[in-house]
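Visitor: First the structure, which I've put down as structure tokens, then a few questions once you've had a look.
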Amino acid sequence: MIGPQEQIVPGLTALARWCRRNPVTAFGFFIILGLGVLGLLAPLIAPYDPYALNPREKMQPPSWDHLFGTGIFGEDIFSRVLYGIRIDFGIGLGAVAFGLIAGSSVGVIAGYYGGRIDEVLMRLMDIVAAFPGFILAMAIAGVLGPSIPNLIIAIAFVNVPVYARLSRSRFLVIRESLYALAARGVGASDFRILTWHLLPNSLAPIFVQSTLQCGWAILDAAGLSFIGLGVHLPTPEWGVMIGLGAPRIIAGQWWISFFPGLAIAITVMGFNLIGDGLQDLLDPRRW
Amino acid sequence: MSVFIARRLLLLIPVLLGVTVVTFTLTRVIPGNPIDLMVSPLASQETRDRIAENAGLNDPIWVQYLRYIEGVSRGDFGDSFVTNQPVLDDLKSRFMPTFELTLFAMLTAIALSVPLGIAAAVWRGTWIDHISRVLAVFGVAMPVFWVSLVAIYVFFFLLHWLPAPQGRIGIIIPPPDRISGLYTIDSLLTGNWKALKSSVQSIILPASVLAFAAMAPLARITRASMIEALESDYTRAARSLGLSESSIVFRHALRNAILPVITMIAIVYGYLLGGVVLVENVFAWPGLGRYVYNAIASSDYPALQGFILYSTTVYVLLFLFVDILYVLLDPRVRL
Amino acid sequence: MHNIMLLSRRIFLIATLAAGLVFGNTFAAHAQSDENTLIIAVSRDLQNIDPTLTSGNINTWEFLTNVYSWLIDYEVVTMDDGTMVGDPNSFVGGLAESFEWTEDGTTVTFTMRDGLKFSNGDPLTAESVKFTFDRLFDQQGVTVGNMALAEVPDKHHIELIDSKTIAIHLDRANSLLFGNMAQAGNSILNPNVVGPHMTDDDPSAHEWLKSDTRGTEQGPYRLESRDPGNQYVLVRNENYFGEPAHIERIVFQVIPDPSSRLAQLVSGAVDIAMELPTVDIPALEANPDITVHRNTSRTISYIGMNNEVAPFDNKLVRQAISYAVPYDTIVNDVMNGYAIQLKSPIPKGTPGHTDEFFVYSQNLEKAKELLDQAGLPDGFSTVFEIPIGSQEAKETAVFVQEALRGIGIDVQIQELPGAAYFEKIQKHELVFFYTNFWISINNEPYYHVYWKFHHSCCNYANYANQTVDDLIKEHTISTDMAARDAALQEIQRILLDEAPWVLLYQPEHILAMRSNVKGYVFFSADNLTRYQHLYKE
């Protein structure tokens, strides 16, 4: 009988080997997992309630009491940056998931039915793609009004064409492949063809794309929140936090904006490193 | 060739029409009645209705749309609700500031990132490769508006090297006489040193911040396509013929690697159109970015429509231009 | 009707125009700050400058106030400490040399000054005045509501007697007419300039007046040039009837970002900076190169609660919230001490104001108790709506949200774009909201309560109370001053008990200028600067 120990150890050594071979990608995973854990444990780690205000201690520079200083309401920036992980990861993943589902549905439907449906859908995608992304997202967010779901929709919508084109092309390649033919041979329904055989096979490059998009989504979300088109005050979202501190920069109170921005930079970097690393696996010529 | 261009231009028409439909629909569902911004709330309802009527806000939406399209085809984008000026004039007057900013940002980014990408490709795996990679990873990860704030803190507050955000030029400095519309160039041409100093001081931070964001993808694509070119059969052939390494890099490989770089320049420029909204807001830069932000915040439909249509056209034409370049430069692309 | 809403910048940051430069236009005016030039940093460009129809952001009102004048004007009085202020309740002749009320108080006759001219040299006579008021009534613009309130219902009540004399007839005697007459809404227009722009489609020449004034000005300054989005320039009107302005040219430079305006003032690039963040004022006060003028404004900031919408239809809930709000924090930390607490819906500075009935201070236990009594022991959830881009609103909202969390009320802060906010507030669709833009120009208590609690226009909180309604109705048009005063006390007592609003604060009007700029006169009627008084040392 093989005990659980023996199963895990080879797994770990394999992981270690993989990490050694792909240190940069591993670093990316490390960042994202690390931040994810910090975010989950935020209630345990954060020294203060992220919504607690303390006007008597407002705008204090970093100190042992307040590692990242305090903001214009006397709120603890460190605690808010920690809670921000939940919000920003949520927006990033949510936007990617939405874009992915909507985009790949469009792509697969276009690819599967072909003909006029394909033509119409892909021209629609061309139209959406013709807009500069951030500006379209800004207009949509402006229309829908500030809230986290609206922000997710705005950012997801802009990325739908990316996924639609990608999944359509993947779909067409795969359709010609054996799987589809075999499935037809056994007479499975269209639905089964779509779900059981084709989708999983087109997922690999789409997954890579999604990782990269996750970083972009977080950046865009922060940008929209920064100009007031994103989430509600005083949600500890990083872009909002930077916006709250922005008017204080000229007066030298840098910490209010600095730390949330740093958190964004690290997070986006993490996602990009993973995305790049995975892309390397598919196409080793790249960085 | 001209047939190709003509066909591509024709294909743009349905896309741009689609764009106008999207824009128009979007702007009409923006919450808020612009009349409430234009006219005192204490004016009588009839008066307010009359103003709305004159502005065409009471017609069915498709009538408004048709009127809009008809106007656009004549170059009439309507009047901004906020500035009371024709939107086209507003856009024109804000174009040059944005163009100046993005132009300098792009030139800086290209000047720094292309050599860096080439060096990284040629000396792959050395310190320069690592530096450029780190830069690329950071450059795309940092929010431009945050980098802007950090830059203001460092160069204004800490070092006192540059003035606080003041737009394109210091307030008490008269802008240079207009030749090109770019303050830096015009003040140089007219020998207006005071204006030159002030406008350079004003543009240096926002342009650098945008350049920083643009550098990463450019360096990256340069490196990648250089590596591809350096490993290609013809480079190998050239090497075997005993050509010098520098001649291989610059005369053969670079020429073949340049197309993806040009494409990326276009993509990045398109991306800057978004980034510039944030950067202009931080630096009080009187360009299109601030204009569109204000348009959204005050439900200024005509202004918003005009801007989106404008930027989308620029975006689409940019890609058309790249496609045409491809055809011109790459004999492998068949028409 | 016009209670002018001075839409303060805090509210309207977003309506700010981008600064921009006009193609092919080298500047007519260049801002070299010298003795004869003032450079002023403002937050945004002019909007609709039709004096009778503008929605009026501060800059627009101030602009109109400096290029136009009126039949009468506020009297400038010297205070004990030597400062000069414009008295909102005392009037002297303006374009009219003198005015005379009939005994019964139903007719006032104005005698025009001799030799009045518009900025383009055209003569200004009583005919111009008649033209102005005819247009104003035909247009049904802002001013008409105020005229009607003062029992001047139509243009036939304006009687042209001869080219030097004009009379206004009131249906019933009252004290409301003059309070709004020294205001842009009553700007006398030049028939020769405005007339030609009147068309069938646009009988009031609104299309022209909304973006131009040239030739029809008669105030101390006239419009010299406009560079939309970037600057507008006023120059001294040599045809002004009064004492000529000291400073020849005023350049208004649009600088949307408050911290940039501040930096430009400190560096000396501009002479005056408007609408600065209160958090930065202490440093300015300590700066010897800067003079900070501080005056308590009658502007009211409050939280409106829609009295018709549950749970705010319950007086106990409104009282509970009034006991939960952290007043001190808002005055000291949001306003950084540059405000006084508002203790009656009628602000301090308005005759008849009393804080006698104000009982609220933050007391979460009491608030909780009241919520229990209201049958909401577990609290409730609501949305707090504020205008986007306003730092004051934002900070107030965050503190209010936290305080209400303490009594179980879950508040979500919603920032609304300017147009959406105003549309909703005017349709009375806001349920729980912050507002800070109202100042009753006419410093008359009944004028104030009439618009805010009686007339449907501006009773944004939908407050309805029969007794209050009756009292306002009975005493607004009345000359029995003693009865009016007594009723006003009663109105304030009821309003404070029923708590239709959470009263927040009256901000200080703060104007910071370089110390060599002298002669500032504060006009508490509207807080707007009359630049003709300023000079440089």
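Going by the structure tokens order, chains are called A, B, ..., each with residues numbered from 1, while ligands are numbered from 1 in the order shown.
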I'd like the neighbourhood of region 122-134 of chain A as number ranges by chain, where a residue qualifies if any of its atoms comes within 10 Å (using only C-alpha atoms), though same-chain residues fewer than 6 positions away should be ignored.
Guide: A: 103, 106-107, 110-111, 116, 140, 154-155, 157-165, 168, 220-221, 223-224; B: 12, 14-23, 267, 270-275, 277, 308-309, 311-317, 319
Visitor: Mind running chain C against chain A at 10 Å and telling me each contacting residue's nearest atom pair with the distance in Å (one decimal), counting only C-alpha atoms, chain and number ascending, as a tab-separated table?
Guide:
```
residue	atom	partner	partner_atom	distance
C:Asp257	CA	A:Pro247	CA	8.5
C:Pro258	CA	A:Pro247	CA	8.0
C:Ser259	CA	A:Pro247	CA	6.4
C:Ser260	CA	A:Ile250	CA	8.3
C:Leu262	CA	A:Ile250	CA	9.7
C:Ala263	CA	A:Ile250	CA	8.3
C:Pro277	CA	A:Pro247	CA	9.3
C:Val279	CA	A:Arg248	CA	9.7
C:Asp280	CA	A:Ala251	CA	8.6
C:Thr329	CA	A:Pro55	CA	7.3
C:Ile330	CA	A:Pro55	CA	9.7
C:Asn332	CA	A:Pro55	CA	9.1
C:Asp333	CA	A:Pro55	CA	6.5
C:Val334	CA	A:Phe73	CA	8.7
C:Ile388	CA	A:Gly228	CA	7.4
C:Gly389	CA	A:Gly228	CA	7.5
C:Gln391	CA	A:Leu244	CA	9.1
C:Lys394	CA	A:Leu233	CA	7.7
C:Glu395	CA	A:Phe73	CA	7.5
C:Thr396	CA	A:Phe73	CA	9.9
C:Ala397	CA	A:Leu233	CA	8.6
C:Val398	CA	A:Pro234	CA	6.5
C:Phe399	CA	A:Leu53	CA	7.4
C:Gln401	CA	A:Pro234	CA	9.2
C:Glu402	CA	A:Ala52	CA	7.3
C:Ala403	CA	A:Leu53	CA	9.5
C:Gln412	CA	A:His232	CA	7.4
C:Ile413	CA	A:Leu233	CA	6.0
C:Gln414	CA	A:His232	CA	6.3
C:Glu415	CA	A:Pro146	CA	7.3
C:Leu416	CA	A:Gly145	CA	7.6
C:Pro417	CA	A:Gly142	CA	8.4
```
Visitor: Please, what distance in Å, to one decimal, runs between CA of Ile91 (chain A) and CA of Phe258 (chain A)?
Guide: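 About the pair CA of Ile91 (chain A) and CA of Phe258 (chain A): they are 20.6 Å apart.
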Visitor: Got a sec to tell me which of region 68-312 of chain B DSSP assigns to alpha helix (DSSP H), as a ChimeraX atom specification?
Guide: /B:68-73,87-122,127-141,144-152,183-189,193-230,233-240,245-247,254-283,288-297,301-312
Visitor: Env of region 469-472 of chain C: 7 Å cut, atoms = only C-alpha atoms, seq-sep filter 3 positions within chain, self excluded. Answer as an mmCIF file with N, CA, C and O atoms, in the first residue's frame.
Guide:
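As written to disk, result_32.cif reads:
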```cif
data_model
loop_
_atom_site.group_PDB
_atom_site.id
_atom_site.type_symbol
_atom_site.label_atom_id
_atom_site.label_comp_id
_atom_site.auth_asym_id
_atom_site.auth_seq_id
_atom_site.Cartn_x
_atom_site.Cartn_y
_atom_site.Cartn_z
ATOM 1 N N TYR C 446 -38.331 84.848 5.532
ATOM 2 C CA TYR C 446 -39.491 84.209 4.897
ATOM 3 C C TYR C 446 -39.200 83.792 3.466
ATOM 4 O O TYR C 446 -39.720 82.804 2.966
ATOM 5 N N TYR C 450 -39.765 80.091 2.590
ATOM 6 C CA TYR C 450 -40.733 79.913 1.506
ATOM 7 C C TYR C 450 -40.189 78.929 0.467
ATOM 8 O O TYR C 450 -40.834 77.962 0.095
ATOM 9 N N HIS C 454 -41.770 75.500 1.584
ATOM 10 C CA HIS C 454 -43.129 75.760 1.169
ATOM 11 C C HIS C 454 -43.322 75.486 -0.318
ATOM 12 O O HIS C 454 -44.108 74.641 -0.717
ATOM 13 N N ASN C 465 -45.811 70.058 6.484
ATOM 14 C CA ASN C 465 -46.407 70.215 7.792
ATOM 15 C C ASN C 465 -47.399 71.356 7.672
ATOM 16 O O ASN C 465 -47.039 72.471 7.290
ATOM 17 N N GLN C 466 -48.646 71.051 7.996
ATOM 18 C CA GLN C 466 -49.700 72.016 7.757
ATOM 19 C C GLN C 466 -49.458 73.325 8.510
ATOM 20 O O GLN C 466 -49.609 74.403 7.947
ATOM 21 N N HIS C 475 -47.503 84.765 6.591
ATOM 22 C CA HIS C 475 -46.595 85.855 6.963
ATOM 23 C C HIS C 475 -45.600 86.276 5.889
ATOM 24 O O HIS C 475 -44.920 87.281 6.050
ATOM 25 N N THR C 476 -45.509 85.530 4.805
ATOM 26 C CA THR C 476 -44.515 85.915 3.799
ATOM 27 C C THR C 476 -44.845 87.292 3.237
ATOM 28 O O THR C 476 -44.003 88.200 3.209
ATOM 29 N N ALA C 487 -43.989 84.234 14.465
ATOM 30 C CA ALA C 487 -44.266 83.038 13.675
ATOM 31 C C ALA C 487 -42.961 82.337 13.284
ATOM 32 O O ALA C 487 -42.882 81.109 13.231
#
```
Visitor: Could you check which of A:Ser225, A:Asp280, A:Ile135, A:Ala156 is closest to chain B, using only C-alpha atoms?
Guide: A:Ile135
